[in-house]
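Report on the structure given below.
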Amino acid sequence: METAVRRNMILHVEVVDLLNHQVMMEQKASSKYLAMASWCDQRELRNSAQYFYNQAEEERSHMMKIFKFINDNGGNALSPTIEGITHEYENLKSIFEASLDAEIAVTKSIHNVFKKARQVGDFTSEVFLQWFVTEQAEEEEKVRDILDMIDLMGDFPLKMIDERIPKE
Ligand code: FEO
């Protein structure tokens, strides 16, 4: 969309489109985490539920950070529609595996916007996105550590595994 505002903005128009895509990705991650929190909460897996409630908040804060960045720099931030969030999971491990898949998808998407910003010389976006590149590496490592712990504990009762899940 070519509005007067967009023509005058400091950001590159193609980067803004990808940033809006990123807004959707972060909101989608937030919605997924909320569904995961609900699954855990219903099964009294308190630490896991709290972990996912916190993740849902965190992803929403990422979404807002990008949303505000777009508008603060003369772009047009678009409120995303999220559909197709599953509430069906086999077990706790499959939830954390789905969580890792979601984080990997977000990382790829962030790298894609970052690459475009660099390619078109949109330094404002590139510098802004650096924080997200670092954040994603930390997020992925956190979920991988949890999955390693779940594998190590193997056949231990679910409640004992849940006690080892960090709340954030
Ligand atoms: Fe904001 Fe973990 O993606």
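Residues in the structure tokens are named by chain (A, B, ... in the order shown) and by number from 1 within that chain; ligands are numbered from 1 in the order shown.
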Mind listing the residues within 12 Å of ligand 1, only C-alpha atoms and all ligand atoms counted, as a PDB file with C-alpha atoms, in the first residue's frame?
```pdb
ATOM      1  CA  GLN A  22       6.728 -10.720  11.939  1.00  0.00           C
ATOM      2  CA  VAL A  23       3.967  -9.059  13.982  1.00  0.00           C
ATOM      3  CA  MET A  24       1.719 -11.929  12.898  1.00  0.00           C
ATOM      4  CA  MET A  25       4.386 -14.544  13.738  1.00  0.00           C
ATOM      5  CA  GLU A  26       4.865 -13.181  17.264  1.00  0.00           C
ATOM      6  CA  GLN A  27       1.113 -13.018  17.901  1.00  0.00           C
ATOM      7  CA  LYS A  28       0.734 -16.557  16.557  1.00  0.00           C
ATOM      8  CA  ALA A  29       3.472 -17.744  18.925  1.00  0.00           C
ATOM      9  CA  SER A  30       1.660 -15.988  21.790  1.00  0.00           C
ATOM     10  CA  SER A  31      -1.641 -17.692  20.906  1.00  0.00           C
ATOM     11  CA  LYS A  32       0.058 -21.095  20.630  1.00  0.00           C
ATOM     12  CA  TYR A  33       1.644 -20.647  24.047  1.00  0.00           C
ATOM     13  CA  PHE A  52       3.642 -21.090  28.926  1.00  0.00           C
ATOM     14  CA  ASN A  54       4.783 -16.281  30.738  1.00  0.00           C
ATOM     15  CA  GLN A  55       5.868 -17.196  27.212  1.00  0.00           C
ATOM     16  CA  ALA A  56       2.498 -16.058  25.860  1.00  0.00           C
ATOM     17  CA  GLU A  57       2.998 -12.668  27.548  1.00  0.00           C
ATOM     18  CA  GLU A  58       6.554 -12.427  26.302  1.00  0.00           C
ATOM     19  CA  GLU A  59       5.596 -13.128  22.690  1.00  0.00           C
ATOM     20  CA  ARG A  60       2.826 -10.572  22.918  1.00  0.00           C
ATOM     21  CA  SER A  61       5.360  -8.028  24.176  1.00  0.00           C
ATOM     22  CA  HIS A  62       7.586  -8.870  21.168  1.00  0.00           C
ATOM     23  CA  MET A  63       4.618  -8.348  18.878  1.00  0.00           C
ATOM     24  CA  MET A  64       3.882  -4.957  20.461  1.00  0.00           C
ATOM     25  CA  LYS A  65       7.525  -3.915  20.236  1.00  0.00           C
ATOM     26  CA  ILE A  66       7.541  -4.479  16.471  1.00  0.00           C
ATOM     27  CA  SER A  99       7.231 -24.976  21.200  1.00  0.00           C
ATOM     28  CA  LEU A 100      10.718 -25.543  19.734  1.00  0.00           C
ATOM     29  CA  ASP A 101       9.215 -25.759  16.226  1.00  0.00           C
ATOM     30  CA  ALA A 102       7.425 -22.447  16.835  1.00  0.00           C
ATOM     31  CA  GLU A 103      10.638 -20.777  18.023  1.00  0.00           C
ATOM     32  CA  ILE A 104      12.606 -22.088  15.036  1.00  0.00           C
ATOM     33  CA  ALA A 105       9.941 -20.684  12.695  1.00  0.00           C
ATOM     34  CA  VAL A 106      10.130 -17.299  14.452  1.00  0.00           C
ATOM     35  CA  THR A 107      13.947 -17.307  14.245  1.00  0.00           C
ATOM     36  CA  LYS A 108      13.874 -18.027  10.504  1.00  0.00           C
ATOM     37  CA  SER A 109      11.379 -15.240   9.992  1.00  0.00           C
ATOM     38  CA  ILE A 110      13.464 -12.749  12.031  1.00  0.00           C
ATOM     39  CA  HIS A 111      16.569 -13.678  10.041  1.00  0.00           C
ATOM     40  CA  LEU A 129      16.186  -6.286  14.806  1.00  0.00           C
ATOM     41  CA  TRP A 131      17.860  -7.496  19.779  1.00  0.00           C
ATOM     42  CA  PHE A 132      15.449 -10.065  18.298  1.00  0.00           C
ATOM     43  CA  VAL A 133      18.281 -12.089  16.736  1.00  0.00           C
ATOM     44  CA  THR A 134      19.935 -12.445  20.155  1.00  0.00           C
ATOM     45  CA  GLU A 135      16.618 -13.085  21.909  1.00  0.00           C
ATOM     46  CA  GLN A 136      15.719 -15.917  19.525  1.00  0.00           C
ATOM     47  CA  ALA A 137      19.027 -17.711  20.091  1.00  0.00           C
ATOM     48  CA  GLU A 138      18.325 -17.597  23.855  1.00  0.00           C
ATOM     49  CA  GLU A 139      14.725 -18.763  23.414  1.00  0.00           C
ATOM     50  CA  GLU A 140      15.711 -21.762  21.331  1.00  0.00           C
ATOM     51  CA  GLU A 141      18.436 -22.741  23.800  1.00  0.00           C
ATOM     52  CA  LYS A 142      15.959 -22.570  26.690  1.00  0.00           C
ATOM     53  CA  VAL A 143      13.481 -24.951  25.024  1.00  0.00           C
TER      54      VAL A 143
END
```
*Enter the distance from CA of Glu83 (chain A) to CA of Met36 (chain A), in Å, rounded to one decimal.*
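Computing the Euclidean distance for CA of Glu83 (chain A) and CA of Met36 (chain A) yields 15.3 Å.
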_Report as a count of residues only all protein, DNA and RNA residues lying within 10 Å of Phe123 (chain A), evaluated on only C-alpha atoms, omitting residues in the same chain fewer than 5 positions from it._
8
*Can you work out which one of A:Ala77, A:Met160, A:Ile165, A:Leu45 has the shortest atom-to-atom distance to Asp148 (chain A), counting only C-alpha atoms?*
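So, comparing all the options, the nearest one is A:Ile165.
Taking CA of Ile150 (chain A) and CA of Ala37 (chain A) as endpoints, the distance between them is 17.3 Å.
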*asked:* Residues near Gly75 (chain A), anyone? I mean within 8 Å using only C-alpha atoms, not counting same-chain ones fewer than 2 positions away, as a list in words.
replied: Val5, Arg6, Met9, Leu11, Val16, Ile70, Asn71, Asp72, Asn73 and Ala77 of chain A
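Comparing the minimum interatomic distances between Val13 (chain A) and each of A:Ser48, A:Asn76, A:Asn112, A:Gln130, counting only C-alpha atoms, we find that A:Asn76 sits nearest.
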*Find, counting only C-alpha atoms, the residue in A:Ser125, A:Gln119, A:Gln42, A:Ser94 that gets nearest to Leu147 (chain A).*
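For Leu147 (chain A), the nearest of the candidates is A:Ser94.
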*One decimal, Å: what's the distance from CA of Leu152 (chain A) over to CA of Trp39 (chain A), could you say?*
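Spanning CA of Leu152 (chain A) to CA of Trp39 (chain A) is a straight-line distance of 22.7 Å.
Counting only C-alpha atoms and comparing A:Phe156, A:Ser38, A:Arg144, A:Asp151, the residue that lies closest to His87 (chain A) is A:Ser38.
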*Running DSSP on the backbone, which parts of region 19-141 of chain A land in helix (DSSP H, G or I), as number ranges by chain?*
A: 19-42, 46-72, 92-120, 123-141
Store the residues of this selection in a file with C-alpha atoms, as a compact mmCIF listing (two decimals), in the first residue's frame.
```
# COMPACT_ATOMS: atom_id res chain seq x y z
CA LEU A 19 7.89 -6.56 9.83
CA ASN A 20 4.11 -6.84 9.61
CA HIS A 21 4.56 -10.51 8.83
CA GLN A 22 6.73 -10.72 11.94
CA VAL A 23 3.97 -9.06 13.98
CA MET A 24 1.72 -11.93 12.90
CA MET A 25 4.39 -14.54 13.74
CA GLU A 26 4.86 -13.18 17.26
CA GLN A 27 1.11 -13.02 17.90
CA LYS A 28 0.73 -16.56 16.56
CA ALA A 29 3.47 -17.74 18.93
CA SER A 30 1.66 -15.99 21.79
CA SER A 31 -1.64 -17.69 20.91
CA LYS A 32 0.06 -21.09 20.63
CA TYR A 33 1.64 -20.65 24.05
CA LEU A 34 -1.69 -19.72 25.56
CA ALA A 35 -3.21 -22.95 24.22
CA MET A 36 -0.25 -24.89 25.64
CA ALA A 37 -0.70 -23.16 29.01
CA SER A 38 -4.34 -24.19 29.01
CA TRP A 39 -3.48 -27.86 28.31
CA CYS A 40 -0.98 -27.88 31.21
CA ASP A 41 -3.25 -25.94 33.56
CA GLN A 42 -6.09 -28.43 33.08
CA ARG A 46 1.59 -25.91 37.44
CA ASN A 47 5.17 -25.04 36.50
CA SER A 48 4.62 -25.88 32.85
CA ALA A 49 1.38 -23.89 32.79
CA GLN A 50 3.14 -20.88 34.32
CA TYR A 51 6.02 -21.26 31.89
CA PHE A 52 3.64 -21.09 28.93
CA TYR A 53 1.55 -18.25 30.40
CA ASN A 54 4.78 -16.28 30.74
CA GLN A 55 5.87 -17.20 27.21
CA ALA A 56 2.50 -16.06 25.86
CA GLU A 57 3.00 -12.67 27.55
CA GLU A 58 6.55 -12.43 26.30
CA GLU A 59 5.60 -13.13 22.69
CA ARG A 60 2.83 -10.57 22.92
CA SER A 61 5.36 -8.03 24.18
CA HIS A 62 7.59 -8.87 21.17
CA MET A 63 4.62 -8.35 18.88
CA MET A 64 3.88 -4.96 20.46
CA LYS A 65 7.52 -3.91 20.24
CA ILE A 66 7.54 -4.48 16.47
CA PHE A 67 4.04 -3.02 16.05
CA LYS A 68 5.07 0.22 17.78
CA PHE A 69 8.37 0.35 15.89
CA ILE A 70 6.52 0.29 12.56
CA ASN A 71 4.10 3.05 13.55
CA ASP A 72 6.73 5.17 15.32
CA LEU A 92 4.10 -32.76 27.75
CA LYS A 93 7.08 -33.62 25.58
CA SER A 94 5.11 -33.07 22.38
CA ILE A 95 4.13 -29.62 23.68
CA PHE A 96 7.76 -28.61 24.19
CA GLU A 97 8.63 -30.05 20.77
CA ALA A 98 5.87 -27.93 19.24
CA SER A 99 7.23 -24.98 21.20
CA LEU A 100 10.72 -25.54 19.73
CA ASP A 101 9.21 -25.76 16.23
CA ALA A 102 7.43 -22.45 16.83
CA GLU A 103 10.64 -20.78 18.02
CA ILE A 104 12.61 -22.09 15.04
CA ALA A 105 9.94 -20.68 12.70
CA VAL A 106 10.13 -17.30 14.45
CA THR A 107 13.95 -17.31 14.25
CA LYS A 108 13.87 -18.03 10.50
CA SER A 109 11.38 -15.24 9.99
CA ILE A 110 13.46 -12.75 12.03
CA HIS A 111 16.57 -13.68 10.04
CA ASN A 112 14.62 -13.13 6.86
CA VAL A 113 13.59 -9.56 7.83
CA PHE A 114 17.11 -8.86 9.08
CA LYS A 115 18.59 -10.02 5.77
CA LYS A 116 16.19 -7.85 3.79
CA ALA A 117 16.93 -4.80 5.99
CA ARG A 118 20.64 -5.26 5.37
CA GLN A 119 20.15 -5.87 1.65
CA VAL A 120 18.14 -2.67 1.08
CA PHE A 123 19.82 0.54 8.96
CA THR A 124 17.08 1.65 11.35
CA SER A 125 15.36 -1.73 11.05
CA GLU A 126 18.63 -3.66 11.06
CA VAL A 127 19.71 -2.14 14.37
CA PHE A 128 16.22 -2.62 15.84
CA LEU A 129 16.19 -6.29 14.81
CA GLN A 130 19.54 -7.10 16.39
CA TRP A 131 17.86 -7.50 19.78
CA PHE A 132 15.45 -10.06 18.30
CA VAL A 133 18.28 -12.09 16.74
CA THR A 134 19.94 -12.45 20.15
CA GLU A 135 16.62 -13.08 21.91
CA GLN A 136 15.72 -15.92 19.53
CA ALA A 137 19.03 -17.71 20.09
CA GLU A 138 18.32 -17.60 23.86
CA GLU A 139 14.72 -18.76 23.41
CA GLU A 140 15.71 -21.76 21.33
CA GLU A 141 18.44 -22.74 23.80
```
